[in-house]
$ cat my_file.txt   # compact mmCIF, C-alpha atoms and all ligand atoms
# COMPACT_ATOMS: atom_id res chain seq x y z
CA MET I 1 -25.81 90.55 29.60
CA HIS I 2 -29.16 92.17 28.77
CA ILE I 3 -32.31 90.02 28.61
CA THR I 4 -35.37 91.13 26.66
CA MET I 5 -38.60 89.17 26.88
CA VAL I 6 -41.01 89.62 23.99
CA LYS I 7 -44.61 89.01 24.99
CA LYS I 8 -47.62 88.90 22.72
CA ARG I 9 -50.81 90.89 23.26
CA LEU I 10 -53.84 89.40 21.51
CA ALA I 11 -56.05 91.51 19.27
CA SER I 12 -58.62 91.42 22.13
CA GLY I 13 -56.13 93.29 24.36
CA GLU I 14 -55.46 90.23 26.55
CA PRO I 15 -51.89 88.90 27.03
CA CYS I 16 -51.36 85.42 25.54
CA ARG I 17 -51.64 82.49 27.99
CA LYS I 18 -48.20 81.03 27.18
CA CYS I 19 -46.58 84.41 27.88
CA ALA I 20 -48.36 84.64 31.24
CA GLN I 21 -47.24 81.08 32.12
CA ALA I 22 -43.64 81.89 31.19
CA GLU I 23 -43.67 85.01 33.39
CA GLU I 24 -45.18 82.99 36.23
CA LEU I 25 -42.44 80.37 35.85
CA LEU I 26 -39.71 83.02 36.05
CA ARG I 27 -41.38 84.62 39.08
CA LYS I 28 -41.68 81.26 40.86
CA ARG I 29 -37.98 80.71 40.40
CA ASP I 30 -37.27 84.22 41.61
CA LEU I 31 -35.77 85.07 38.22
CA TRP I 32 -38.20 87.69 37.00
CA ASN I 33 -35.87 90.47 38.11
CA ARG I 34 -33.24 89.08 35.73
CA VAL I 35 -35.40 90.12 32.76
CA ASP I 36 -34.22 93.63 31.94
CA GLU I 37 -36.95 94.63 29.54
CA VAL I 38 -40.37 93.48 28.30
CA VAL I 39 -41.35 94.33 24.74
CA TRP I 40 -44.87 93.82 23.46
CA ALA I 41 -45.75 92.20 20.15
CA GLU I 42 -49.23 93.43 19.29
CA GLU I 43 -51.02 90.66 17.41
CA ASP I 44 -52.83 93.08 15.11
CA ASP I 45 -49.91 95.48 14.58
CA PRO I 46 -46.93 94.21 12.55
CA ALA I 47 -45.15 97.52 13.24
CA SER I 48 -45.23 97.07 17.05
CA PRO I 49 -41.74 96.71 18.59
CA GLY I 50 -42.16 93.02 19.49
CA MET I 51 -43.44 92.09 16.02
CA VAL I 52 -40.49 93.91 14.47
CA LEU I 53 -38.05 91.98 16.71
CA ALA I 54 -39.81 88.70 15.81
CA ALA I 55 -39.39 89.44 12.10
CA GLN I 56 -35.76 90.49 12.59
CA HIS I 57 -34.87 87.25 14.37
CA GLY I 58 -37.10 84.92 12.35
CA VAL I 59 -39.20 83.91 15.39
CA GLU I 60 -42.84 82.93 14.94
CA ALA I 61 -43.87 82.06 18.50
CA ALA I 62 -44.25 84.21 21.59
CA PRO I 63 -42.94 84.53 24.19
CA PHE I 64 -39.31 84.61 23.17
CA TYR I 65 -36.17 86.03 24.73
CA LEU I 66 -33.21 87.94 23.34
CA VAL I 67 -29.96 87.79 25.27
CA LYS I 68 -27.51 90.51 24.31
CA HIS I 69 -23.89 90.20 25.41
CA SER I 70 -21.57 93.22 25.30
CA ASP I 71 -19.12 91.43 23.03
CA GLY I 72 -21.11 88.89 21.03
CA PRO I 73 -24.15 88.16 18.88
CA VAL I 74 -27.70 88.23 20.22
CA GLU I 75 -28.91 84.81 21.38
CA VAL I 76 -32.57 83.91 20.80
CA PHE I 77 -34.53 81.54 23.09
CA VAL I 78 -38.11 80.43 22.50
CA SER I 79 -38.29 78.52 25.80
CA ALA I 80 -37.98 79.95 29.31
CA LEU I 81 -36.53 76.63 30.50
CA LYS I 82 -33.75 76.78 27.91
CA LEU I 83 -33.02 80.40 28.84
CA ILE I 84 -32.81 79.39 32.51
CA LYS I 85 -30.57 76.45 31.73
CA ALA I 86 -28.24 78.53 29.56
CA HIS I 87 -27.93 81.69 31.65
CA LEU I 88 -29.97 81.73 34.86
CA ALA I 89 -29.60 78.27 36.44
CA THR I 90 -28.81 78.20 40.14
CA PRO I 91 -26.37 75.71 41.69
CA LYS I 92 -27.79 72.26 42.43
CA ALA I 93 -28.41 70.90 45.92
CA SER I 94 -25.38 69.18 47.36
CA PRO I 95 -25.23 65.57 46.13
CA ALA I 96 -23.20 64.71 49.20
CA GLN I 97 -26.28 64.81 51.42
CA PRO I 98 -27.82 61.36 51.56
CA TYR I 99 -31.52 61.27 50.77
CA ASP I 100 -33.69 59.77 53.50
CA VAL I 101 -36.55 57.97 51.73
CA ALA I 102 -38.31 56.93 54.94
CA SER I 103 -38.59 60.45 56.35
CA ALA I 104 -39.51 61.88 52.92
CA ARG I 105 -42.32 59.32 52.74
CA GLU I 106 -43.57 60.48 56.13
CA ASP I 107 -43.34 64.16 55.15
CA LEU I 108 -45.16 63.56 51.88
CA ALA I 109 -47.81 61.17 53.19
CA ARG I 110 -50.64 63.60 52.34
CA ALA I 111 -48.89 65.53 49.60
CA THR I 112 -50.52 66.47 46.31
CA PRO I 113 -48.83 65.43 43.05
CA GLN I 114 -47.59 69.02 42.62
CA GLU I 115 -46.01 68.92 46.10
CA VAL I 116 -44.30 65.59 45.41
CA VAL I 117 -42.91 66.89 42.11
CA SER I 118 -41.69 70.12 43.76
CA HIS I 119 -40.06 68.16 46.57
CA ALA I 120 -38.26 65.84 44.13
CA LEU I 121 -37.01 68.65 41.88
CA THR I 122 -35.99 70.91 44.75
CA ARG I 123 -33.85 68.07 46.06
CA PHE I 124 -32.55 66.57 42.81
CA GLY I 125 -33.19 69.09 40.00
CA ALA I 126 -31.91 67.87 36.63
CA GLU I 127 -30.57 64.75 38.37
CA CYS I 128 -34.16 63.55 38.63
CA ALA I 129 -35.32 61.90 35.40
CA ILE I 130 -39.00 61.81 34.52
CA ALA I 131 -39.61 58.51 32.72
CA PHE I 132 -41.95 59.50 29.91
CA SER I 133 -43.68 56.70 28.05
CA GLY I 134 -45.39 58.86 25.45
CA SER I 135 -48.78 58.38 27.11
CA ASP I 136 -50.84 60.22 29.73
CA ASP I 137 -47.76 60.53 31.97
CA VAL I 138 -47.29 63.85 30.12
CA VAL I 139 -49.00 65.17 33.28
CA LEU I 140 -45.67 64.76 35.13
CA ILE I 141 -43.84 66.92 32.59
CA ASP I 142 -46.52 69.57 32.91
CA LEU I 143 -46.32 69.56 36.72
CA ALA I 144 -42.52 69.70 36.56
CA SER I 145 -42.46 72.58 34.11
CA GLN I 146 -44.80 74.58 36.38
CA THR I 147 -42.29 74.42 39.24
CA GLY I 148 -39.74 76.34 37.20
CA LEU I 149 -37.10 73.98 38.58
CA PRO I 150 -34.67 72.06 36.37
CA PHE I 151 -35.58 68.45 35.53
CA SER I 152 -34.70 65.77 32.98
CA VAL I 153 -36.90 63.58 30.82
CA VAL I 154 -35.97 60.07 29.68
CA VAL I 155 -37.78 58.09 26.98
CA VAL I 156 -37.01 54.45 26.21
CA ASP I 157 -37.24 53.98 22.45
CA THR I 158 -37.74 50.23 22.19
CA GLY I 159 -37.78 50.43 18.39
CA ARG I 160 -41.36 49.07 18.47
CA LEU I 161 -43.36 52.19 19.37
CA HIS I 162 -46.32 53.43 17.33
CA ALA I 163 -45.72 56.22 14.80
CA GLU I 164 -48.26 58.25 16.83
CA THR I 165 -46.09 57.88 19.94
CA TYR I 166 -42.95 59.13 18.17
CA ARG I 167 -44.91 62.12 16.88
CA PHE I 168 -46.28 62.80 20.36
CA ILE I 169 -42.81 62.67 21.96
CA GLU I 170 -41.66 65.26 19.43
CA GLU I 171 -44.73 67.41 20.12
CA VAL I 172 -44.01 67.33 23.88
CA ARG I 173 -40.38 68.27 23.24
CA SER I 174 -41.33 71.39 21.32
CA HIS I 175 -44.42 72.28 23.42
CA TYR I 176 -42.40 72.45 26.65
CA GLY I 177 -39.12 73.50 25.02
CA ILE I 178 -37.26 70.67 26.75
CA GLU I 179 -34.50 68.28 25.85
CA ILE I 180 -35.45 64.60 25.92
CA HIS I 181 -32.88 61.94 26.68
CA ILE I 182 -33.83 59.07 24.37
CA THR I 183 -32.29 55.75 25.29
CA ALA I 184 -32.43 52.67 23.05
CA PRO I 185 -31.39 48.99 23.12
CA GLU I 186 -27.71 48.21 22.67
CA PRO I 187 -27.17 46.73 19.17
CA ALA I 188 -24.81 44.19 20.77
CA GLU I 189 -27.75 42.81 22.78
CA LEU I 190 -30.61 43.41 20.38
CA GLU I 191 -29.09 41.97 17.22
CA PRO I 192 -28.29 38.46 18.55
CA PHE I 193 -31.69 38.34 20.29
CA VAL I 194 -33.61 39.17 17.09
CA ARG I 195 -31.36 36.92 14.99
CA GLU I 196 -32.04 33.96 17.24
CA LYS I 197 -35.68 34.52 18.22
CA GLY I 198 -37.16 36.79 15.56
CA LEU I 199 -39.37 39.83 15.99
CA PHE I 200 -42.36 38.29 17.76
CA SER I 201 -40.88 35.86 20.28
CA PHE I 202 -43.04 37.40 23.01
CA LEU I 203 -46.11 35.76 21.49
CA GLU I 204 -44.47 32.33 21.96
CA ASP I 205 -42.60 32.55 25.23
CA GLY I 206 -43.82 35.70 26.98
CA HIS I 207 -42.71 39.31 26.88
CA GLU I 208 -40.10 39.14 29.62
CA GLU I 209 -37.00 38.56 27.49
CA CYS I 210 -37.93 41.09 24.80
CA CYS I 211 -38.80 43.71 27.45
CA ARG I 212 -35.49 43.03 29.18
CA VAL I 213 -33.50 43.72 26.01
CA ARG I 214 -35.59 46.56 24.61
CA LYS I 215 -36.78 48.37 27.76
CA VAL I 216 -35.21 47.35 31.05
CA ARG I 217 -31.54 47.38 30.09
CA PRO I 218 -31.69 50.67 28.16
CA LEU I 219 -33.50 52.29 31.09
CA ARG I 220 -30.97 50.81 33.53
CA ARG I 221 -28.15 52.35 31.50
CA ALA I 222 -29.87 55.74 31.34
CA LEU I 223 -30.81 55.87 35.03
CA GLY I 224 -27.20 55.16 35.93
CA GLY I 225 -26.58 58.84 35.15
CA TYR I 226 -29.20 60.20 37.61
CA ARG I 227 -29.88 60.19 41.36
CA ALA I 228 -33.68 59.92 41.24
CA TRP I 229 -36.45 59.14 38.82
CA MET I 230 -40.14 59.83 38.55
CA THR I 231 -42.87 57.69 37.04
CA GLY I 232 -46.54 58.07 36.15
CA GLN I 233 -47.47 54.79 37.83
CA ARG I 234 -50.82 54.72 39.62
CA ARG I 235 -52.32 52.29 42.10
CA ASP I 236 -55.43 51.87 39.98
CA GLN I 237 -53.45 50.60 36.98
CA THR I 238 -53.44 47.06 38.35
CA PHE I 239 -54.73 45.89 41.68
CA ILE I 240 -52.31 42.94 41.68
CA THR I 241 -48.92 44.51 41.00
CA ARG I 242 -49.30 48.22 41.82
CA SER I 243 -51.73 48.29 44.74
CA ASP I 244 -48.98 48.96 47.29
CA LEU I 245 -47.34 51.74 45.30
CA GLU I 246 -45.85 54.55 47.45
CA LEU I 247 -45.41 58.23 46.56
CA VAL I 248 -41.69 57.90 47.36
CA GLU I 249 -39.69 54.67 47.29
CA GLU I 250 -36.13 53.49 47.25
CA ASP I 251 -35.83 51.82 43.87
CA THR I 252 -35.13 48.12 44.09
CA ALA I 253 -34.68 47.48 40.37
CA PHE I 254 -32.07 50.07 39.31
CA GLU I 255 -29.06 51.95 40.56
CA GLY I 256 -28.24 55.61 40.12
CA LYS I 257 -24.92 57.38 39.78
CA ASP I 258 -24.39 57.21 43.57
CA GLY I 259 -25.87 53.74 44.04
CA ALA I 260 -29.31 54.08 45.65
CA LEU I 261 -31.90 55.69 43.41
CA ALA I 262 -34.94 57.48 44.82
CA LYS I 263 -38.17 56.82 42.95
CA PHE I 264 -41.14 59.20 42.99
CA ASN I 265 -44.65 58.24 41.89
CA PRO I 266 -46.46 61.60 42.29
CA ILE I 267 -49.79 60.50 40.78
CA ALA I 268 -49.90 57.12 42.57
CA ASN I 269 -53.19 58.15 44.25
CA TRP I 270 -54.85 59.55 41.16
CA SER I 271 -57.38 57.64 39.10
CA ARG I 272 -57.30 57.51 35.34
CA ASP I 273 -60.31 59.86 35.31
CA LEU I 274 -58.42 62.46 37.37
CA VAL I 275 -55.42 62.26 35.02
CA TRP I 276 -57.68 62.91 32.04
CA GLN I 277 -59.53 65.70 33.80
CA TYR I 278 -56.13 67.40 34.28
CA ILE I 279 -55.15 66.83 30.63
CA ARG I 280 -58.43 68.34 29.45
CA ASP I 281 -58.52 71.23 31.95
CA TYR I 282 -55.00 72.35 31.08
CA GLU I 283 -55.26 71.41 27.39
CA LEU I 284 -52.11 69.30 27.46
CA PRO I 285 -50.81 67.68 24.29
CA HIS I 286 -51.68 63.99 24.19
CA ASN I 287 -51.04 60.87 22.11
CA ALA I 288 -53.46 60.57 19.15
CA LEU I 289 -53.89 56.87 20.00
CA HIS I 290 -56.05 57.87 22.97
CA HIS I 291 -58.68 58.99 20.44
CA LYS I 292 -58.64 55.50 18.91
CA GLY I 293 -59.55 53.67 22.13
CA TYR I 294 -56.05 53.12 23.48
CA ALA I 295 -55.76 53.67 27.23
CA SER I 296 -52.36 52.36 28.42
CA ILE I 297 -49.82 52.76 25.61
CA GLY I 298 -46.63 50.73 25.17
CA CYS I 299 -45.06 49.01 22.17
CA GLN I 300 -47.15 48.66 19.01
CA PRO I 301 -47.29 44.83 18.86
CA CYS I 302 -48.14 44.53 22.56
CA THR I 303 -50.77 47.26 22.92
CA ARG I 304 -54.33 47.36 21.63
CA ALA I 305 -57.41 49.51 22.10
CA VAL I 306 -59.81 48.64 24.91
CA LEU I 307 -63.59 48.68 24.87
CA PRO I 308 -65.58 51.08 27.05
CA GLY I 309 -65.64 49.61 30.58
CA GLN I 310 -62.57 47.45 30.07
CA HIS I 311 -59.61 48.07 32.38
CA GLU I 312 -56.72 49.93 30.70
CA ARG I 313 -54.27 47.07 31.32
CA GLU I 314 -56.51 44.73 29.28
CA GLY I 315 -54.98 46.40 26.25
CA ARG I 316 -51.45 45.28 27.20
CA TRP I 317 -50.04 41.75 26.63
CA TRP I 318 -53.62 40.47 26.44
CA TRP I 319 -52.47 36.93 25.72
CA GLU I 320 -50.77 36.67 29.14
CA ASP I 321 -51.86 36.23 32.73
CA GLU I 322 -52.62 39.46 34.70
CA ARG I 323 -49.75 38.84 37.15
CA ALA I 324 -47.24 38.80 34.26
CA LYS I 325 -48.26 42.26 33.03
CA GLU I 326 -45.20 44.16 34.16
CA CYS I 327 -42.15 44.67 31.99
CA GLY I 328 -39.52 44.67 34.75
CA LEU I 329 -39.35 48.47 35.08
CA HIS I 330 -41.60 48.47 38.14
CA PRO I 331 -41.32 45.29 40.21
CA SER I 332 -44.04 45.06 42.87
CA LYS I 333 -43.07 44.63 46.52
CA SER I 334 -44.03 40.97 46.30
CA ASP I 335 -41.39 40.53 43.56
CA SER I 336 -38.60 42.03 45.59
S1 LIG L 401 -43.71 45.61 25.07
FE1 LIG L 401 -43.58 43.96 23.54
S2 LIG L 401 -42.29 44.72 21.85
FE2 LIG L 401 -42.05 46.12 23.62
S3 LIG L 401 -40.25 45.40 24.61
FE3 LIG L 401 -41.95 44.39 25.63
S4 LIG L 401 -42.33 42.46 24.55
FE4 LIG L 401 -40.93 43.71 23.29

$ encode --input "my_file.txt" --output "structure tokens" --more "lines below"
Ligand code: SF4
Amino acid sequence: MHITMVKKRLASGEPCRKCAQAEELLRKRDLWNRVDEVVWAEEDDPASPGMVLAAQHGVEAAPFYLVKHSDGPVEVFVSALKLIKAHLATPKASPAQPYDVASAREDLARATPQEVVSHALTRFGAECAIAFSGSDDVVLIDLASQTGLPFSVVVVDTGRLHAETYRFIEEVRSHYGIEIHITAPEPAELEPFVREKGLFSFLEDGHEECCRVRKVRPLRRALGGYRAWMTGQRRDQTFITRSDLELVEEDTAFEGKDGALAKFNPIANWSRDLVWQYIRDYELPHNALHHKGYASIGCQPCTRAVLPGQHEREGRWWWEDERAKECGLHPSKSDS
């Protein structure tokens, strides 16, 4: 197997930022020495070797990778993570070792979000699912992709998300070159519920039942295939239900493939302002709804924009009491 990485050099002479990030990722994973050859695509020279290869293989973005096997066609990858998964992945940590949440919590007591994410992925790799809601928890995917370690991403498609959120999920998928495990309500549960109670029962008798059918059960089914999960929950999201949030917890709501499921909340200590500073500093993709005054984003009928100075959770289930503003995915300690 022969791996060629094609990197772009800008007309200014500088290497492109995405190419530098991809090289950094391969170096962090100790995989840089597996790249046999680097070919440059000069932005202002269509005859440069990299530009010629791009044209030959119909690739528009850089970096990209060509994998040549002695006896087969050339494979093309536009994502370092997909290349790693296909050809360079290292064996996973032994699942037989039980995970000690209490000692991990002690070890990580003063850890940064990046350190918590690295710890989780070093231990669980692709068996740790990042629960991505299509909102500012994109920060977790960015932190995970910087580690160069394998990870999984799960999205619950309730069937009631905004069009902007679907577009954003797709943008994140292509921006990071990752696969997204999209889980959805079981028709056998959803259809009788909607037939009996209609599409807006949550306005009459609270959101609990609808959230159970559309969010909690699909997530429960999905998490049953993993050993750990990661959320973008923060203590400042609500002082009533999330004030005692830990960086590492044993999940009390769901079970993983081996029973107990470890739960990581790497940005538990961050404020909303810090999250947005990160998104701006690193120019992360983000949901267009944030430009329309939306702070916390969930399903379309149960989310609205907030006014400057209003708490982000005031845009969720605004017709209900503050204590009821959880959907069952994250029970507080007082619920357990
Ligand atoms: S947020 Fe609203 S629409 Fe979405 S699952 Fe819950 S109650 Fe149903």

$ residues_near_ligand --input "my_file.txt" --ligand "ligand LIG 401 (chain L)" --cutoff "6 Å" --atoms "all atoms listed in the file" --output "PDB file with C-alpha atoms, keeping the file's coordinate frame"
ATOM      1  CA  THR I 158     -37.740  50.230  22.190  1.00  0.00           C
ATOM      2  CA  ARG I 160     -41.360  49.070  18.470  1.00  0.00           C
ATOM      3  CA  PHE I 202     -43.040  37.400  23.010  1.00  0.00           C
ATOM      4  CA  HIS I 207     -42.710  39.310  26.880  1.00  0.00           C
ATOM      5  CA  CYS I 210     -37.930  41.090  24.800  1.00  0.00           C
ATOM      6  CA  CYS I 211     -38.800  43.710  27.450  1.00  0.00           C
ATOM      7  CA  ARG I 214     -35.590  46.560  24.610  1.00  0.00           C
ATOM      8  CA  LYS I 215     -36.780  48.370  27.760  1.00  0.00           C
ATOM      9  CA  GLY I 298     -46.630  50.730  25.170  1.00  0.00           C
ATOM     10  CA  CYS I 299     -45.060  49.010  22.170  1.00  0.00           C
ATOM     11  CA  PRO I 301     -47.290  44.830  18.860  1.00  0.00           C
ATOM     12  CA  CYS I 302     -48.140  44.530  22.560  1.00  0.00           C
TER      13      CYS I 302
END

$ closest_residue --input "my_file.txt" --among "I:Pro308, I:Ala80, I:Arg313, I:Phe200" --to "Leu25 in chain I" --atoms "all atoms listed in the file"
I:Ala80

$ residues_around --input "my_file.txt" --residues "range 277-290 of chain I" --least-positions-apart "4" --cutoff "7 Å" --atoms "all atoms listed in the file" --output "PyMOL selection string"
chain I and resi 134-136+139+164-165+168+172+273+294-295

$ residues_around --input "my_file.txt" --residues "Val306 in chain I" --least-positions-apart "2" --cutoff "8 Å" --atoms "only C-alpha atoms" --output "compact mmCIF listing (two decimals) with C-alpha atoms, in the coordinates of the input"
# COMPACT_ATOMS: atom_id res chain seq x y z
CA GLY I 293 -59.55 53.67 22.13
CA TYR I 294 -56.05 53.12 23.48
CA ALA I 295 -55.76 53.67 27.23
CA ARG I 304 -54.33 47.36 21.63
CA PRO I 308 -65.58 51.08 27.05
CA GLN I 310 -62.57 47.45 30.07
CA HIS I 311 -59.61 48.07 32.38
CA GLU I 312 -56.72 49.93 30.70
CA GLU I 314 -56.51 44.73 29.28
CA GLY I 315 -54.98 46.40 26.25

$ closest_residue --input "my_file.txt" --among "I:Gly159, I:Pro46, I:Gly13, I:Gly309" --to "Leu190 in chain I" --atoms "all atoms listed in the file"
I:Gly159

$ axis_aligned_box --input "my_file.txt" --around "range 67-86 of chain I" --padding-each-side "5 Å" --output "lines of an AutoDock Vina configuration file"
center_x = -28.7
center_y = 84.8
center_z = 25.7
size_x = 29.2
size_y = 26.8
size_z = 23.6

$ closest_residue --input "my_file.txt" --among "I:Pro98, I:Asn33, I:Arg17, I:Glu24" --to "Ala62 in chain I" --atoms "only C-alpha atoms"
I:Arg17

$ closest_residue --input "my_file.txt" --among "I:Gly206, I:Gly225, I:Pro49, I:Pro113" --to "Trp318 in chain I" --atoms "all atoms listed in the file"
I:Gly206

$ atom_distance --input "my_file.txt" --atom1 "CA of Ala126 in chain I" --atom2 "CA of Gly72 in chain I"
28.3 Å

$ residues_near_point --input "my_file.txt" --point "(-37.0, 64.0, 35.5)" --cutoff "10 Å" --atoms "all atoms listed in the file" --output "ChimeraX atom specification"
/I:117,120-121,124-132,140-141,144,150-154,180-181,226-231,264

$ atom_distance --input "my_file.txt" --atom1 "CA of Trp317 in chain I" --atom2 "CA of Leu247 in chain I"
26.3 Å

$ atom_distance --input "my_file.txt" --atom1 "CA of Asp142 in chain I" --atom2 "CA of Arg221 in chain I"
25.2 Å

$ residues_near_point --input "my_file.txt" --point "(-25.9, 94.1, 28.8)" --cutoff "12 Å" --atoms "only C-alpha atoms" --output "PyMOL selection string"
chain I and resi 1-4+34-37+66-74

$ closest_residue --input "my_file.txt" --among "I:Glu186, I:Glu179, I:Glu171, I:Glu204" --to "Arg217 in chain I" --atoms "only C-alpha atoms"
I:Glu186

$ closest_residue --input "my_file.txt" --among "I:Val213, I:Ile267, I:Ala253, I:Ala262" --to "Glu191 in chain I" --atoms "all atoms listed in the file"
I:Val213
